[in-house]
Every structure is written in structure tokens, then in C-alpha cells.
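Q: This is the structure, below, for whatever I ask next.
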Amino acid sequence: MENKMDRPLTRGINHVGLTVPDLQQATEFLQKALDAKFVYNGLTDNDPPRKGADVERQLGLTSGSIIIKQRLLRLGNGPNLELFEIVSEEQDKPVSLQDIGWNHISLYVDDINYAVERAKAAGGRFLSEVHGNSRHEDTEDNASVYFYSPWGSLIELQSIPNGYYYPADSEAETWIPEP
């Protein structure tokens with residue numbers, strides 16, 4: 001009999017959730033800027049919206065919030081991206097890097113300059129020029145840059161072609177998507 005303790009608790013990130021003001025605009029931006037691929041629609045204009053006390057309780061939504069659209073996209077060889085379009089009277093702008101909570105998504109790219117061109121052409125607003133990474137990621141030819149999507153979510157492009165280096169007490173190596 002297999003012992004549950006012999007299996008990994010998690011296999012990895014399945015998806016990252018992102019609420020956007022306009023699902024179609026966000027999809028088009030992510031496709032143009034980052035080559036996102038459509039997977040499926042979980043909720044469309046043809047479906048009744050998800051709302052009510054049970055939905056609010058199950059998903060931690062404030063009273064009166066209504067999910068009107070939901071879509072799953074795929075970004076390269078990594079987790080899926082689940083987009084929500086939600087109407088709510090208590091909606092805040094996206095958090096910044098200094099705010100508590102999930103604050104950005106980082107995408108590994110092989111050609112950072114090409115990725116920057118694509119994101120800029122699609123409407124991405126860059127915070128700076130391409131720059132080096134921090135400790136353990138600062139090997140030769142490494143590069144990183146942050147930009148805002150049209151709705152204000154923070155996205156990082158990162159390339160570390162010569163790998164990472166690790167401290168002696170590291171328990172795992174960084175996962176890098178396969179090419």
C-alpha cells in the first residue's frame with residue numbers, strides 16, 4: 001500500500017488568477033504581448049453570471065459582486081492564467097510590488113529584447129530599461145524588466161540563460177520552463 005507521505009504534496013502551480021476590467025481587451029493584450037493561447041471559456045455573455053451568497057462565500061467576494069466572464073489562457077510551458085471579469089462596488093486597483101499579497105507574475109523568456117518589443121507594441125508600460133537580476137540570478141547575460149499591463153497589473157520579464165547559483169542550505173533548485 002502506498003504511503004501518502006511518499007508522494008509530493010504539490011506538483012506545482014496549476015494556474016494564477018487575474019481579475020481584469022475587460023476580459024476581451026486583456027485576452028488580446030496577453031496574446032499580442034506574451035503569445036498567450038486560448039484554452040477555454042468558463043463563463044461567457046451567454047451564461048448566467050455567477051453571483052449570490054454561496055458564490056460570495058465560496059470565493060471570498062464582497063456582497064453584490066458578480067462574475068460575468070471567466071477564461072483560461074496558457075502562457076508557454078508553465079501555469080495557466082485564469083482571467084475573471086467581475087462587477088463589484090468594492091473593487092480596488094491592482095497592488096504594487098510594495099503591497100502585501102501576490103503582487104506580480106514573472107515570465108521566463110529566452111530573448112528579452114524581443115519580448116520587450118512585443119509587450120510595448122501591445123501597450124505594455126515599462127518601468128525602466130532592461131537590467132540585471134539580484135543575487136542567485138545574476139549570472140552572465142541575465143536580464144529582467146517590469147512593466148504594467150493596460151489595466152495596471154505588474155508583469156516581469158526575466159531571462160537567466162546561464163542558470164542560478166544556490167546557497168549551501170538550499171532545499172531545491174529553481175524551476176525553469178522547458179524551451
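The chains in the C-alpha cells are called A, B, ... from first to last as shown; in each chain the residues are counted from 1, and the ligands are counted from 1 in the order shown.
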Counting only C-alpha atoms, what is within 10 Å of Ile13 of chain A, bar same-chain residues fewer than 2 positions away, as a list in words?
A: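 Contacts, with the query itself left out: Thr10, Arg11, His15, Val16, Gly78, Pro79 and Asn80 of chain A.
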Q: Write the residues you've just listed into a file as a compact mmCIF listing (two decimals), in the first residue's frame, and include N, CA and C atoms for each of them.
A:
# COMPACT_ATOMS: atom_id res chain seq x y z
N THR A 10 2.46 18.92 -3.39
CA THR A 10 2.00 19.68 -4.56
C THR A 10 2.86 19.31 -5.76
N ARG A 11 2.27 19.37 -6.93
CA ARG A 11 3.00 19.11 -8.17
C ARG A 11 3.47 20.40 -8.82
N HIS A 15 -2.63 27.25 -11.91
CA HIS A 15 -2.98 28.49 -12.58
C HIS A 15 -2.80 29.67 -11.62
N VAL A 16 -2.76 30.84 -12.23
CA VAL A 16 -2.72 32.10 -11.49
C VAL A 16 -3.98 32.86 -11.90
N GLY A 78 4.18 26.62 -18.75
CA GLY A 78 4.06 26.95 -17.33
C GLY A 78 2.62 26.92 -16.90
N PRO A 79 2.31 27.54 -15.78
CA PRO A 79 0.94 27.51 -15.28
C PRO A 79 -0.03 28.24 -16.20
N ASN A 80 -1.29 27.89 -16.04
CA ASN A 80 -2.35 28.55 -16.79
C ASN A 80 -2.65 29.89 -16.13
Q: Taking the DSSP secondary structure from the backbone, can you list the residues of segment 11-164 of chain A that are strand (DSSP E or B), as a PDB file with N, CA and C atoms, in the first residue's frame?
A:
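Below you can see result-v7.pdb, which holds the result:
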ATOM      1  N   HIS A  15      -2.630  27.251 -11.906  1.00  0.00           N
ATOM      2  CA  HIS A  15      -2.978  28.494 -12.576  1.00  0.00           C
ATOM      3  C   HIS A  15      -2.804  29.672 -11.623  1.00  0.00           C
ATOM      4  N   VAL A  16      -2.758  30.844 -12.226  1.00  0.00           N
ATOM      5  CA  VAL A  16      -2.720  32.102 -11.494  1.00  0.00           C
ATOM      6  C   VAL A  16      -3.982  32.856 -11.896  1.00  0.00           C
ATOM      7  N   GLY A  17      -4.721  33.369 -10.914  1.00  0.00           N
ATOM      8  CA  GLY A  17      -5.949  34.103 -11.188  1.00  0.00           C
ATOM      9  C   GLY A  17      -5.684  35.588 -11.351  1.00  0.00           C
ATOM     10  N   LEU A  18      -6.387  36.191 -12.294  1.00  0.00           N
ATOM     11  CA  LEU A  18      -6.210  37.608 -12.588  1.00  0.00           C
ATOM     12  C   LEU A  18      -7.566  38.217 -12.916  1.00  0.00           C
ATOM     13  N   THR A  19      -7.990  39.197 -12.133  1.00  0.00           N
ATOM     14  CA  THR A  19      -9.226  39.911 -12.425  1.00  0.00           C
ATOM     15  C   THR A  19      -8.884  41.133 -13.259  1.00  0.00           C
ATOM     16  N   LYS A  37      -2.169  31.663 -25.220  1.00  0.00           N
ATOM     17  CA  LYS A  37      -3.039  30.809 -26.030  1.00  0.00           C
ATOM     18  C   LYS A  37      -4.360  30.591 -25.308  1.00  0.00           C
ATOM     19  N   PHE A  38      -5.458  30.677 -26.048  1.00  0.00           N
ATOM     20  CA  PHE A  38      -6.787  30.428 -25.508  1.00  0.00           C
ATOM     21  C   PHE A  38      -6.927  28.948 -25.174  1.00  0.00           C
ATOM     22  N   VAL A  39      -7.466  28.642 -23.993  1.00  0.00           N
ATOM     23  CA  VAL A  39      -7.742  27.265 -23.585  1.00  0.00           C
ATOM     24  C   VAL A  39      -9.250  27.029 -23.597  1.00  0.00           C
ATOM     25  N   TYR A  40      -9.996  27.786 -22.791  1.00  0.00           N
ATOM     26  CA  TYR A  40     -11.448  27.678 -22.810  1.00  0.00           C
ATOM     27  C   TYR A  40     -12.081  28.845 -22.058  1.00  0.00           C
ATOM     28  N   ASN A  41     -13.374  29.032 -22.296  1.00  0.00           N
ATOM     29  CA  ASN A  41     -14.170  29.995 -21.542  1.00  0.00           C
ATOM     30  C   ASN A  41     -14.922  29.234 -20.465  1.00  0.00           C
ATOM     31  N   GLY A  42     -14.780  29.671 -19.234  1.00  0.00           N
ATOM     32  CA  GLY A  42     -15.529  29.085 -18.145  1.00  0.00           C
ATOM     33  C   GLY A  42     -16.875  29.761 -17.954  1.00  0.00           C
ATOM     34  N   LEU A  43     -16.993  30.988 -18.447  1.00  0.00           N
ATOM     35  CA  LEU A  43     -18.220  31.767 -18.297  1.00  0.00           C
ATOM     36  C   LEU A  43     -18.224  32.830 -19.392  1.00  0.00           C
ATOM     37  N   ARG A  50     -22.220  34.374 -12.335  1.00  0.00           N
ATOM     38  CA  ARG A  50     -22.084  33.715 -11.026  1.00  0.00           C
ATOM     39  C   ARG A  50     -22.217  34.798  -9.967  1.00  0.00           C
ATOM     40  N   ILE A  66     -20.405  40.262  -8.853  1.00  0.00           N
ATOM     41  CA  ILE A  66     -20.949  39.389  -9.890  1.00  0.00           C
ATOM     42  C   ILE A  66     -19.828  39.021 -10.867  1.00  0.00           C
ATOM     43  N   ILE A  67     -19.586  37.724 -11.048  1.00  0.00           N
ATOM     44  CA  ILE A  67     -18.619  37.263 -12.055  1.00  0.00           C
ATOM     45  C   ILE A  67     -19.371  37.156 -13.366  1.00  0.00           C
ATOM     46  N   ILE A  68     -18.975  37.972 -14.354  1.00  0.00           N
ATOM     47  CA  ILE A  68     -19.701  37.958 -15.619  1.00  0.00           C
ATOM     48  C   ILE A  68     -18.977  37.192 -16.721  1.00  0.00           C
ATOM     49  N   LYS A  69     -17.646  37.081 -16.623  1.00  0.00           N
ATOM     50  CA  LYS A  69     -16.885  36.303 -17.615  1.00  0.00           C
ATOM     51  C   LYS A  69     -15.705  35.640 -16.932  1.00  0.00           C
ATOM     52  N   GLN A  70     -15.292  34.503 -17.481  1.00  0.00           N
ATOM     53  CA  GLN A  70     -14.145  33.754 -16.963  1.00  0.00           C
ATOM     54  C   GLN A  70     -13.502  33.024 -18.139  1.00  0.00           C
ATOM     55  N   ARG A  71     -12.167  33.071 -18.227  1.00  0.00           N
ATOM     56  CA  ARG A  71     -11.450  32.456 -19.349  1.00  0.00           C
ATOM     57  C   ARG A  71     -10.120  31.905 -18.867  1.00  0.00           C
ATOM     58  N   LEU A  72      -9.709  30.797 -19.448  1.00  0.00           N
ATOM     59  CA  LEU A  72      -8.406  30.216 -19.142  1.00  0.00           C
ATOM     60  C   LEU A  72      -7.489  30.376 -20.350  1.00  0.00           C
ATOM     61  N   LEU A  73      -6.291  30.901 -20.096  1.00  0.00           N
ATOM     62  CA  LEU A  73      -5.256  31.059 -21.117  1.00  0.00           C
ATOM     63  C   LEU A  73      -4.037  30.256 -20.687  1.00  0.00           C
ATOM     64  N   ARG A  74      -3.157  29.992 -21.633  1.00  0.00           N
ATOM     65  CA  ARG A  74      -1.899  29.296 -21.349  1.00  0.00           C
ATOM     66  C   ARG A  74      -0.753  30.187 -21.776  1.00  0.00           C
ATOM     67  N   ASN A  80      -1.286  27.890 -16.042  1.00  0.00           N
ATOM     68  CA  ASN A  80      -2.352  28.550 -16.785  1.00  0.00           C
ATOM     69  C   ASN A  80      -2.654  29.892 -16.129  1.00  0.00           C
ATOM     70  N   LEU A  81      -3.344  30.745 -16.874  1.00  0.00           N
ATOM     71  CA  LEU A  81      -3.749  32.047 -16.387  1.00  0.00           C
ATOM     72  C   LEU A  81      -5.273  32.108 -16.464  1.00  0.00           C
ATOM     73  N   GLU A  82      -5.926  32.241 -15.307  1.00  0.00           N
ATOM     74  CA  GLU A  82      -7.385  32.282 -15.254  1.00  0.00           C
ATOM     75  C   GLU A  82      -7.825  33.734 -15.110  1.00  0.00           C
ATOM     76  N   LEU A  83      -8.521  34.232 -16.131  1.00  0.00           N
ATOM     77  CA  LEU A  83      -8.984  35.613 -16.142  1.00  0.00           C
ATOM     78  C   LEU A  83     -10.429  35.688 -15.681  1.00  0.00           C
ATOM     79  N   PHE A  84     -10.729  36.691 -14.866  1.00  0.00           N
ATOM     80  CA  PHE A  84     -12.082  36.963 -14.411  1.00  0.00           C
ATOM     81  C   PHE A  84     -12.446  38.391 -14.776  1.00  0.00           C
ATOM     82  N   GLU A  85     -13.672  38.589 -15.216  1.00  0.00           N
ATOM     83  CA  GLU A  85     -14.244  39.930 -15.314  1.00  0.00           C
ATOM     84  C   GLU A  85     -15.363  39.966 -14.281  1.00  0.00           C
ATOM     85  N   ILE A  86     -15.187  40.803 -13.277  1.00  0.00           N
ATOM     86  CA  ILE A  86     -16.101  40.854 -12.140  1.00  0.00           C
ATOM     87  C   ILE A  86     -16.609  42.277 -11.961  1.00  0.00           C
ATOM     88  N   VAL A  87     -17.910  42.410 -11.731  1.00  0.00           N
ATOM     89  CA  VAL A  87     -18.509  43.699 -11.428  1.00  0.00           C
ATOM     90  C   VAL A  87     -18.717  43.749  -9.917  1.00  0.00           C
ATOM     91  N   ILE A 105       3.531  38.708 -11.659  1.00  0.00           N
ATOM     92  CA  ILE A 105       3.827  37.428 -12.276  1.00  0.00           C
ATOM     93  C   ILE A 105       5.116  37.616 -13.070  1.00  0.00           C
ATOM     94  N   SER A 106       6.005  36.645 -13.000  1.00  0.00           N
ATOM     95  CA  SER A 106       7.271  36.718 -13.722  1.00  0.00           C
ATOM     96  C   SER A 106       7.265  35.650 -14.807  1.00  0.00           C
ATOM     97  N   LEU A 107       7.621  36.058 -16.012  1.00  0.00           N
ATOM     98  CA  LEU A 107       7.639  35.148 -17.147  1.00  0.00           C
ATOM     99  C   LEU A 107       9.067  34.975 -17.651  1.00  0.00           C
ATOM    100  N   TYR A 108       9.485  33.727 -17.770  1.00  0.00           N
ATOM    101  CA  TYR A 108      10.826  33.443 -18.263  1.00  0.00           C
ATOM    102  C   TYR A 108      10.807  33.553 -19.785  1.00  0.00           C
ATOM    103  N   ARG A 125       3.430  49.176 -20.439  1.00  0.00           N
ATOM    104  CA  ARG A 125       4.131  50.381 -19.978  1.00  0.00           C
ATOM    105  C   ARG A 125       5.277  49.959 -19.070  1.00  0.00           C
ATOM    106  N   PHE A 126       6.506  50.148 -19.537  1.00  0.00           N
ATOM    107  CA  PHE A 126       7.691  49.665 -18.819  1.00  0.00           C
ATOM    108  C   PHE A 126       8.140  50.650 -17.754  1.00  0.00           C
ATOM    109  N   HIS A 131      17.448  45.398 -17.074  1.00  0.00           N
ATOM    110  CA  HIS A 131      18.527  45.494 -16.091  1.00  0.00           C
ATOM    111  C   HIS A 131      18.883  44.106 -15.581  1.00  0.00           C
ATOM    112  N   ALA A 143      18.966  39.022 -17.287  1.00  0.00           N
ATOM    113  CA  ALA A 143      18.255  40.263 -17.558  1.00  0.00           C
ATOM    114  C   ALA A 143      16.850  40.191 -16.967  1.00  0.00           C
ATOM    115  N   SER A 144      16.322  41.374 -16.632  1.00  0.00           N
ATOM    116  CA  SER A 144      14.993  41.467 -16.047  1.00  0.00           C
ATOM    117  C   SER A 144      14.419  42.848 -16.323  1.00  0.00           C
ATOM    118  N   VAL A 145      13.095  42.936 -16.400  1.00  0.00           N
ATOM    119  CA  VAL A 145      12.426  44.226 -16.529  1.00  0.00           C
ATOM    120  C   VAL A 145      10.952  44.046 -16.155  1.00  0.00           C
ATOM    121  N   TYR A 146      10.391  45.061 -15.503  1.00  0.00           N
ATOM    122  CA  TYR A 146       8.983  45.054 -15.111  1.00  0.00           C
ATOM    123  C   TYR A 146       8.186  45.995 -16.013  1.00  0.00           C
ATOM    124  N   PHE A 147       6.919  45.621 -16.250  1.00  0.00           N
ATOM    125  CA  PHE A 147       6.020  46.516 -16.964  1.00  0.00           C
ATOM    126  C   PHE A 147       4.595  46.337 -16.467  1.00  0.00           C
ATOM    127  N   TYR A 148       3.760  47.355 -16.733  1.00  0.00           N
ATOM    128  CA  TYR A 148       2.347  47.310 -16.383  1.00  0.00           C
ATOM    129  C   TYR A 148       1.516  46.938 -17.601  1.00  0.00           C
ATOM    130  N   LEU A 154       1.153  44.191 -12.635  1.00  0.00           N
ATOM    131  CA  LEU A 154       2.598  44.201 -12.790  1.00  0.00           C
ATOM    132  C   LEU A 154       3.096  42.854 -13.327  1.00  0.00           C
ATOM    133  N   ILE A 155       3.886  42.894 -14.392  1.00  0.00           N
ATOM    134  CA  ILE A 155       4.444  41.708 -15.041  1.00  0.00           C
ATOM    135  C   ILE A 155       5.951  41.886 -15.162  1.00  0.00           C
ATOM    136  N   GLU A 156       6.692  40.830 -14.893  1.00  0.00           N
ATOM    137  CA  GLU A 156       8.148  40.851 -15.037  1.00  0.00           C
ATOM    138  C   GLU A 156       8.547  39.916 -16.167  1.00  0.00           C
ATOM    139  N   LEU A 157       9.484  40.365 -16.995  1.00  0.00           N
ATOM    140  CA  LEU A 157      10.139  39.506 -17.978  1.00  0.00           C
ATOM    141  C   LEU A 157      11.516  39.201 -17.424  1.00  0.00           C
ATOM    142  N   GLN A 158      11.922  37.940 -17.468  1.00  0.00           N
ATOM    143  CA  GLN A 158      13.193  37.558 -16.861  1.00  0.00           C
ATOM    144  C   GLN A 158      13.877  36.515 -17.738  1.00  0.00           C
ATOM    145  N   SER A 159      15.198  36.659 -17.874  1.00  0.00           N
ATOM    146  CA  SER A 159      15.993  35.682 -18.607  1.00  0.00           C
ATOM    147  C   SER A 159      17.271  35.399 -17.817  1.00  0.00           C
TER     148      SER A 159
END
Q: Taking only C-alpha atoms into account, which of A:Ala33, A:Thr139, A:Arg57, A:His104 comes nearest Gly124 of chain A?
A: A:Ala33
Q: Where in segment 22-167 of chain A does DSSP assign alpha helix (DSSP H), given as a ChimeraX atom specification?
A: /A:23-34,53-59,112-121
Q: Kindly export the residues of the current selection with N, CA and C atoms, as a compact mmCIF listing (two decimals), in the first residue's frame.
A:
# COMPACT_ATOMS: atom_id res chain seq x y z
N LEU A 23 -12.42 41.52 -20.15
CA LEU A 23 -11.82 40.21 -20.46
C LEU A 23 -11.29 40.14 -21.89
N GLN A 24 -12.02 40.65 -22.85
CA GLN A 24 -11.57 40.57 -24.24
C GLN A 24 -10.33 41.44 -24.46
N GLN A 25 -10.32 42.65 -23.92
CA GLN A 25 -9.15 43.52 -24.06
C GLN A 25 -7.93 42.87 -23.42
N ALA A 26 -8.10 42.29 -22.25
CA ALA A 26 -6.99 41.64 -21.55
C ALA A 26 -6.48 40.44 -22.35
N THR A 27 -7.40 39.66 -22.90
CA THR A 27 -7.01 38.49 -23.71
C THR A 27 -6.19 38.94 -24.91
N GLU A 28 -6.66 39.94 -25.61
CA GLU A 28 -5.95 40.44 -26.79
C GLU A 28 -4.57 40.96 -26.42
N PHE A 29 -4.47 41.70 -25.31
CA PHE A 29 -3.16 42.19 -24.87
C PHE A 29 -2.23 41.03 -24.57
N LEU A 30 -2.69 40.06 -23.78
CA LEU A 30 -1.84 38.92 -23.41
C LEU A 30 -1.44 38.08 -24.62
N GLN A 31 -2.31 37.98 -25.60
CA GLN A 31 -1.96 37.26 -26.82
C GLN A 31 -0.91 38.01 -27.63
N LYS A 32 -1.10 39.31 -27.80
CA LYS A 32 -0.15 40.12 -28.57
C LYS A 32 1.18 40.30 -27.85
N ALA A 33 1.12 40.58 -26.57
CA ALA A 33 2.33 40.89 -25.81
C ALA A 33 3.11 39.65 -25.42
N LEU A 34 2.41 38.56 -25.05
CA LEU A 34 3.09 37.42 -24.43
C LEU A 34 2.79 36.09 -25.11
N ALA A 53 -25.06 34.66 -2.48
CA ALA A 53 -24.41 34.40 -1.19
C ALA A 53 -23.45 33.21 -1.25
N ASP A 54 -23.84 32.11 -1.91
CA ASP A 54 -22.96 30.95 -1.98
C ASP A 54 -21.67 31.26 -2.74
N VAL A 55 -21.78 31.93 -3.87
CA VAL A 55 -20.59 32.29 -4.66
C VAL A 55 -19.72 33.25 -3.86
N GLU A 56 -20.33 34.21 -3.21
CA GLU A 56 -19.57 35.17 -2.39
C GLU A 56 -18.81 34.46 -1.28
N ARG A 57 -19.47 33.51 -0.64
CA ARG A 57 -18.83 32.76 0.46
C ARG A 57 -17.72 31.85 -0.08
N GLN A 58 -18.01 31.12 -1.14
CA GLN A 58 -17.03 30.17 -1.69
C GLN A 58 -15.78 30.85 -2.22
N LEU A 59 -15.92 32.04 -2.80
CA LEU A 59 -14.79 32.71 -3.46
C LEU A 59 -14.28 33.94 -2.70
N ILE A 112 14.91 38.48 -24.29
CA ILE A 112 14.22 39.53 -23.54
C ILE A 112 13.97 40.77 -24.39
N ASN A 113 14.87 41.11 -25.29
CA ASN A 113 14.67 42.30 -26.12
C ASN A 113 13.47 42.14 -27.04
N TYR A 114 13.30 40.96 -27.62
CA TYR A 114 12.14 40.68 -28.46
C TYR A 114 10.86 40.71 -27.62
N ALA A 115 10.91 40.13 -26.43
CA ALA A 115 9.74 40.13 -25.54
C ALA A 115 9.35 41.55 -25.16
N VAL A 116 10.33 42.42 -24.92
CA VAL A 116 10.05 43.82 -24.61
C VAL A 116 9.37 44.49 -25.80
N GLU A 117 9.90 44.28 -27.00
CA GLU A 117 9.29 44.86 -28.20
C GLU A 117 7.83 44.45 -28.33
N ARG A 118 7.55 43.17 -28.16
CA ARG A 118 6.18 42.66 -28.28
C ARG A 118 5.26 43.29 -27.24
N ALA A 119 5.72 43.34 -25.99
CA ALA A 119 4.89 43.89 -24.92
C ALA A 119 4.64 45.39 -25.12
N LYS A 120 5.67 46.12 -25.56
CA LYS A 120 5.50 47.56 -25.83
C LYS A 120 4.51 47.77 -26.96
N ALA A 121 4.64 47.00 -28.04
CA ALA A 121 3.74 47.14 -29.19
C ALA A 121 2.29 46.84 -28.82
Q: Could you work out how far atom CA of Glu178 of chain A lies from atom CA of Gly12 of chain A, giving the answer in Å with one decimal?
A: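 Rounded to one decimal, the two atoms are 14.4 Å apart.
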Q: Just the number, please: distance in Å from atom CA of Asp45 of chain A to atom CA of Gly64 of chain A, one decimal.
A: 18.4 Å
Q: Name all residues at most 7 Å from Ile160 of chain A (count only C-alpha atoms; drop same-chain ones fewer than 2 positions away) and give them as a CSV table (one decimal) with all heavy atoms, in the first residue's frame.
A:
chain,number,residue,atom,x,y,z
A,137,GLU,N,20.5,35.1,-9.1
A,137,GLU,CA,20.0,35.1,-10.5
A,137,GLU,C,21.0,36.0,-11.4
A,137,GLU,O,20.7,36.1,-12.6
A,137,GLU,CB,18.6,35.8,-10.5
A,137,GLU,CG,17.6,35.1,-9.7
A,137,GLU,CD,16.3,35.9,-9.5
A,137,GLU,OE1,16.3,37.1,-9.9
A,137,GLU,OE2,15.3,35.3,-9.0
A,141,ASP,N,24.9,37.3,-18.6
A,141,ASP,CA,23.8,37.6,-19.6
A,141,ASP,C,22.4,37.5,-19.0
A,141,ASP,O,21.4,37.4,-19.7
A,141,ASP,CB,23.9,36.6,-20.8
A,141,ASP,CG,25.2,36.8,-21.6
A,141,ASP,OD1,25.7,37.9,-21.7
A,141,ASP,OD2,25.7,35.8,-22.1
A,142,ASN,N,22.3,37.6,-17.7
A,142,ASN,CA,20.9,37.6,-17.0
A,142,ASN,C,20.3,39.0,-17.3
A,142,ASN,O,21.0,40.0,-17.6
A,142,ASN,CB,21.0,37.4,-15.5
A,142,ASN,CG,21.5,38.6,-14.8
A,142,ASN,OD1,20.8,39.5,-14.4
A,142,ASN,ND2,22.9,38.7,-14.6
A,143,ALA,N,19.0,39.0,-17.3
A,143,ALA,CA,18.3,40.3,-17.6
A,143,ALA,C,16.8,40.2,-17.0
A,143,ALA,O,16.3,39.1,-16.9
A,143,ALA,CB,18.2,40.5,-19.1
A,158,GLN,N,11.9,37.9,-17.5
A,158,GLN,CA,13.2,37.6,-16.9
A,158,GLN,C,13.9,36.5,-17.7
A,158,GLN,O,13.2,35.6,-18.3
A,158,GLN,CB,12.9,37.0,-15.5
A,158,GLN,CG,14.2,36.8,-14.7
A,158,GLN,CD,13.8,36.4,-13.2
A,158,GLN,OE1,13.0,35.5,-13.0
A,158,GLN,NE2,14.4,37.0,-12.3
A,162,ASN,N,22.3,31.5,-18.1
A,162,ASN,CA,23.4,30.7,-17.6
A,162,ASN,C,23.1,30.2,-16.2
A,162,ASN,O,24.0,29.8,-15.4
A,162,ASN,CB,24.7,31.6,-17.6
A,162,ASN,CG,25.2,31.8,-19.0
A,162,ASN,OD1,25.5,30.8,-19.7
A,162,ASN,ND2,25.1,33.0,-19.5
A,163,GLY,N,21.8,30.1,-15.9
A,163,GLY,CA,21.4,29.5,-14.7
A,163,GLY,C,21.6,30.3,-13.4
A,163,GLY,O,22.1,31.4,-13.4
